[in-house]
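Accompanying notes for the structure given below.
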Amino acid sequence: MEPSYSLQNHIFNDLAENTYRDINHFNPLNITHPPTDPWLDEITRSAVGDGKESSINMVLPQDCGGFNLGSFFIRRSAWTDRLLDIWWDPVHYEQRHMQWEHKEQDAFEYLYTSQPWIRPHTAFIPQRKACSYPPGACGENNTSIHYNETDRDFVVNMAGCEWGRDCWGEMYNYRELSNRLNRSRWEKFKTWLAKSAQSTKRRIDGEKKEEVEKTETKKD
């Protein structure tokens, strides 16, 4: 929707402000957080890890159903290598892939819930900051999830459009909206000029019609 946005400026330059570490801020899966096992260190038992921006290695949004891995960001690090290795381990993933309807998304939800070392390095970003949904995905009129033209949300994800919605129609409408919102000054001027001309023409036509009606009334 907003091709001029830079990810660096939009998100990463102020990662601490744009994300939250404590999942209790928005927790549709009702995950118990933070873990309280006595053998864990203080950082792992903290709701926000060490609280430092530099320790964030993964950023993802949540929608009405939980984790949304349609768009997520991951930092190159030893932690990331370890996560990816475990995430796609055949012993782990392949044994449960028939149980996990949403595949890698369900797998990560399981890891986040059961592996405490993942939480201190995971942060969440508001859904609309990363990828808004159109109305119809996650219900209707959800201001925290659905695209808002006034706020010029970054991206729209047509999640679930194949289930009873018109994928092509939605993509076409949002493409046209994006083109309109991102017009150059010259294109905006041409649009204003065309509308002004149409308005002037309607006014002149109206005045002519009134004059004709007055002339006909006098004849009668």
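Every chain in the structure tokens has a letter given in the order shown (A, B, ...), and although residue numbers restart at 1 in each chain, ligands are simply numbered from 1 in the order shown.
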- request: From segment 22-177 of chain A, collect each residue whose DSSP state is alpha helix (DSSP H) and return the set as a VMD selection string.
  value: chain A and resid 78 to 87 93 to 96 104 to 114 127 to 130 167 to 177
How would the residues just picked look written out with C-alpha atoms as a PDB file, in the first residue's frame?
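New file result00.pdb:
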ATOM      1  CA  ALA A  78      23.317 -17.622  16.889  1.00  0.00           C
ATOM      2  CA  TRP A  79      19.876 -17.630  18.550  1.00  0.00           C
ATOM      3  CA  THR A  80      18.230 -17.503  15.110  1.00  0.00           C
ATOM      4  CA  ASP A  81      20.330 -20.380  13.803  1.00  0.00           C
ATOM      5  CA  ARG A  82      19.313 -22.443  16.798  1.00  0.00           C
ATOM      6  CA  LEU A  83      15.626 -21.541  16.408  1.00  0.00           C
ATOM      7  CA  LEU A  84      15.490 -22.361  12.695  1.00  0.00           C
ATOM      8  CA  ASP A  85      17.311 -25.634  13.242  1.00  0.00           C
ATOM      9  CA  ILE A  86      14.799 -26.737  15.872  1.00  0.00           C
ATOM     10  CA  TRP A  87      11.774 -25.219  14.127  1.00  0.00           C
ATOM     11  CA  TYR A  93       7.914 -30.734  12.823  1.00  0.00           C
ATOM     12  CA  GLU A  94       7.267 -33.786  10.644  1.00  0.00           C
ATOM     13  CA  GLN A  95       5.921 -35.818  13.555  1.00  0.00           C
ATOM     14  CA  ARG A  96       3.222 -33.230  14.222  1.00  0.00           C
ATOM     15  CA  GLU A 104       4.996 -23.569  10.753  1.00  0.00           C
ATOM     16  CA  GLN A 105       2.781 -21.090  12.606  1.00  0.00           C
ATOM     17  CA  ASP A 106       1.421 -23.733  14.971  1.00  0.00           C
ATOM     18  CA  ALA A 107       4.932 -25.139  15.317  1.00  0.00           C
ATOM     19  CA  PHE A 108       6.291 -21.773  16.469  1.00  0.00           C
ATOM     20  CA  GLU A 109       3.372 -21.260  18.854  1.00  0.00           C
ATOM     21  CA  TYR A 110       4.255 -24.618  20.396  1.00  0.00           C
ATOM     22  CA  LEU A 111       7.927 -23.687  20.684  1.00  0.00           C
ATOM     23  CA  TYR A 112       7.158 -20.288  22.205  1.00  0.00           C
ATOM     24  CA  THR A 113       4.870 -21.922  24.755  1.00  0.00           C
ATOM     25  CA  SER A 114       7.109 -24.839  25.699  1.00  0.00           C
ATOM     26  CA  GLN A 127      -0.767  -6.092  13.389  1.00  0.00           C
ATOM     27  CA  ARG A 128      -1.398  -2.942  11.352  1.00  0.00           C
ATOM     28  CA  LYS A 129       2.215  -1.843  11.695  1.00  0.00           C
ATOM     29  CA  ALA A 130       3.345  -4.926   9.763  1.00  0.00           C
ATOM     30  CA  CYS A 167      -9.486 -12.277  -3.761  1.00  0.00           C
ATOM     31  CA  TRP A 168      -9.104 -10.557  -7.126  1.00  0.00           C
ATOM     32  CA  GLY A 169     -11.694  -7.915  -6.304  1.00  0.00           C
ATOM     33  CA  GLU A 170      -9.999  -7.069  -2.999  1.00  0.00           C
ATOM     34  CA  MET A 171      -6.529  -6.917  -4.569  1.00  0.00           C
ATOM     35  CA  TYR A 172      -7.787  -4.715  -7.396  1.00  0.00           C
ATOM     36  CA  ASN A 173      -9.549  -2.308  -5.021  1.00  0.00           C
ATOM     37  CA  TYR A 174      -6.519  -1.941  -2.769  1.00  0.00           C
ATOM     38  CA  ARG A 175      -4.199  -1.543  -5.743  1.00  0.00           C
ATOM     39  CA  GLU A 176      -6.351   1.283  -7.080  1.00  0.00           C
ATOM     40  CA  LEU A 177      -6.508   2.851  -3.615  1.00  0.00           C
TER      41      LEU A 177
END
message: What parts of segment 33-142 of chain A does DSSP call strand (DSSP E)? I'd like the answer as number ranges by chain.
response: A: 58-63, 66-67, 73-74, 122-125
For segment 37-52 of chain A: contacts at 8 Å, only C-alpha atoms, fewer than 3 positions along chain excluded, given as a ChimeraX atom specification: /A:16,20-23,33-34,55-56,116-117,119-121
query: Which residues, written as a PyMOL selection string, have at least one atom at most 10 Å from Asn182 of chain A, with only C-alpha atoms counted and residues fewer than 6 positions away on the same chain left out?
result: chain A and resi 1-4+176+188
How would the residues just chosen look if you wrote them out with C-alpha atoms as a compact mmCIF listing (two decimals), in the first residue's frame?
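What ended up in again06.txt:
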# COMPACT_ATOMS: atom_id res chain seq x y z
CA MET A 1 0.00 0.00 0.00
CA GLU A 2 2.81 2.40 0.84
CA PRO A 3 5.79 1.53 -1.40
CA SER A 4 7.66 4.64 -0.30
CA GLU A 176 -6.35 1.28 -7.08
CA LYS A 188 -3.01 15.36 -7.86
Neighbour list for Asp153 of chain A as a PDB file with N, CA and C atoms, in the first residue's frame, cut-off 7 Å, only C-alpha atoms, skip fewer than 2 positions in-chain:
ATOM      1  N   ARG A 128      -1.311  -3.927  12.436  1.00  0.00           N
ATOM      2  CA  ARG A 128      -1.398  -2.942  11.352  1.00  0.00           C
ATOM      3  C   ARG A 128      -0.053  -2.294  11.042  1.00  0.00           C
ATOM      4  N   LYS A 129       0.878  -2.381  11.953  1.00  0.00           N
ATOM      5  CA  LYS A 129       2.215  -1.843  11.695  1.00  0.00           C
ATOM      6  C   LYS A 129       2.963  -2.700  10.680  1.00  0.00           C
ATOM      7  N   SER A 132      -1.771  -5.102   7.683  1.00  0.00           N
ATOM      8  CA  SER A 132      -3.189  -4.998   8.009  1.00  0.00           C
ATOM      9  C   SER A 132      -3.988  -6.060   7.278  1.00  0.00           C
ATOM     10  N   TYR A 147      -7.325  -2.627   7.903  1.00  0.00           N
ATOM     11  CA  TYR A 147      -6.682  -1.503   7.206  1.00  0.00           C
ATOM     12  C   TYR A 147      -7.421  -0.192   7.455  1.00  0.00           C
ATOM     13  N   ASN A 148      -6.640   0.866   7.674  1.00  0.00           N
ATOM     14  CA  ASN A 148      -7.196   2.199   7.874  1.00  0.00           C
ATOM     15  C   ASN A 148      -6.562   3.148   6.861  1.00  0.00           C
ATOM     16  N   GLU A 149      -7.378   3.642   5.954  1.00  0.00           N
ATOM     17  CA  GLU A 149      -6.866   4.519   4.898  1.00  0.00           C
ATOM     18  C   GLU A 149      -6.292   5.807   5.466  1.00  0.00           C
ATOM     19  N   ASP A 151      -4.773   6.346   8.285  1.00  0.00           N
ATOM     20  CA  ASP A 151      -3.450   6.134   8.886  1.00  0.00           C
ATOM     21  C   ASP A 151      -2.414   5.646   7.878  1.00  0.00           C
ATOM     22  N   VAL A 155       1.034  -2.265   4.683  1.00  0.00           N
ATOM     23  CA  VAL A 155       0.746  -3.366   3.755  1.00  0.00           C
ATOM     24  C   VAL A 155      -0.618  -3.952   4.108  1.00  0.00           C
TER      25      VAL A 155
END
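Atom CA of Asn30 of chain A lies 24.5 Å from atom CA of Leu15 of chain A.
The interatomic distance for the pair atom CA of Glu53 of chain A and atom CA of Ile118 of chain A works out to 15.3 Å.
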What are the closest atom pairs, with distances in Å to one decimal, for each residue of segment 81-173 of chain A lying within 6 Å of segment 58-61 of chain A, using only C-alpha atoms, rows by chain and rising residue number, as a tab-separated table?
residue	atom	partner	partner_atom	distance
A:Thr122	CA	A:Met58	CA	4.9
A:Ala123	CA	A:Val59	CA	4.9
A:Phe124	CA	A:Leu60	CA	5.0
A:Ile125	CA	A:Pro61	CA	4.8
A:Pro126	CA	A:Pro61	CA	5.7
A:Gln127	CA	A:Pro61	CA	5.0
Based on the selection just made, write C-alpha atoms of those residues as an mmCIF file, in the first residue's frame.
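selection28.cif was written with the following content:
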data_model
loop_
_atom_site.group_PDB
_atom_site.id
_atom_site.type_symbol
_atom_site.label_atom_id
_atom_site.label_comp_id
_atom_site.auth_asym_id
_atom_site.auth_seq_id
_atom_site.Cartn_x
_atom_site.Cartn_y
_atom_site.Cartn_z
ATOM 1 C CA THR A 122 10.931 -12.529 20.705
ATOM 2 C CA ALA A 123 8.986 -9.301 20.357
ATOM 3 C CA PHE A 124 5.562 -8.563 18.938
ATOM 4 C CA ILE A 125 4.500 -5.746 16.661
ATOM 5 C CA PRO A 126 0.953 -4.386 16.289
ATOM 6 C CA GLN A 127 -0.767 -6.092 13.389
#
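The gap separating atom CA of Pro28 of chain A from atom CA of Gly164 of chain A is 24.0 Å, in Å to one decimal.
Using only C-alpha atoms for every distance, the candidate list A:Met98, A:Val156, A:Leu7, A:Cys64 yields A:Cys64 as the residue closest to Gly139 of chain A.
Residue nearest Phe72 of chain A, chosen from A:Gly206, A:Val91, A:Lys103, A:Cys131 and counting only C-alpha atoms: A:Cys131.
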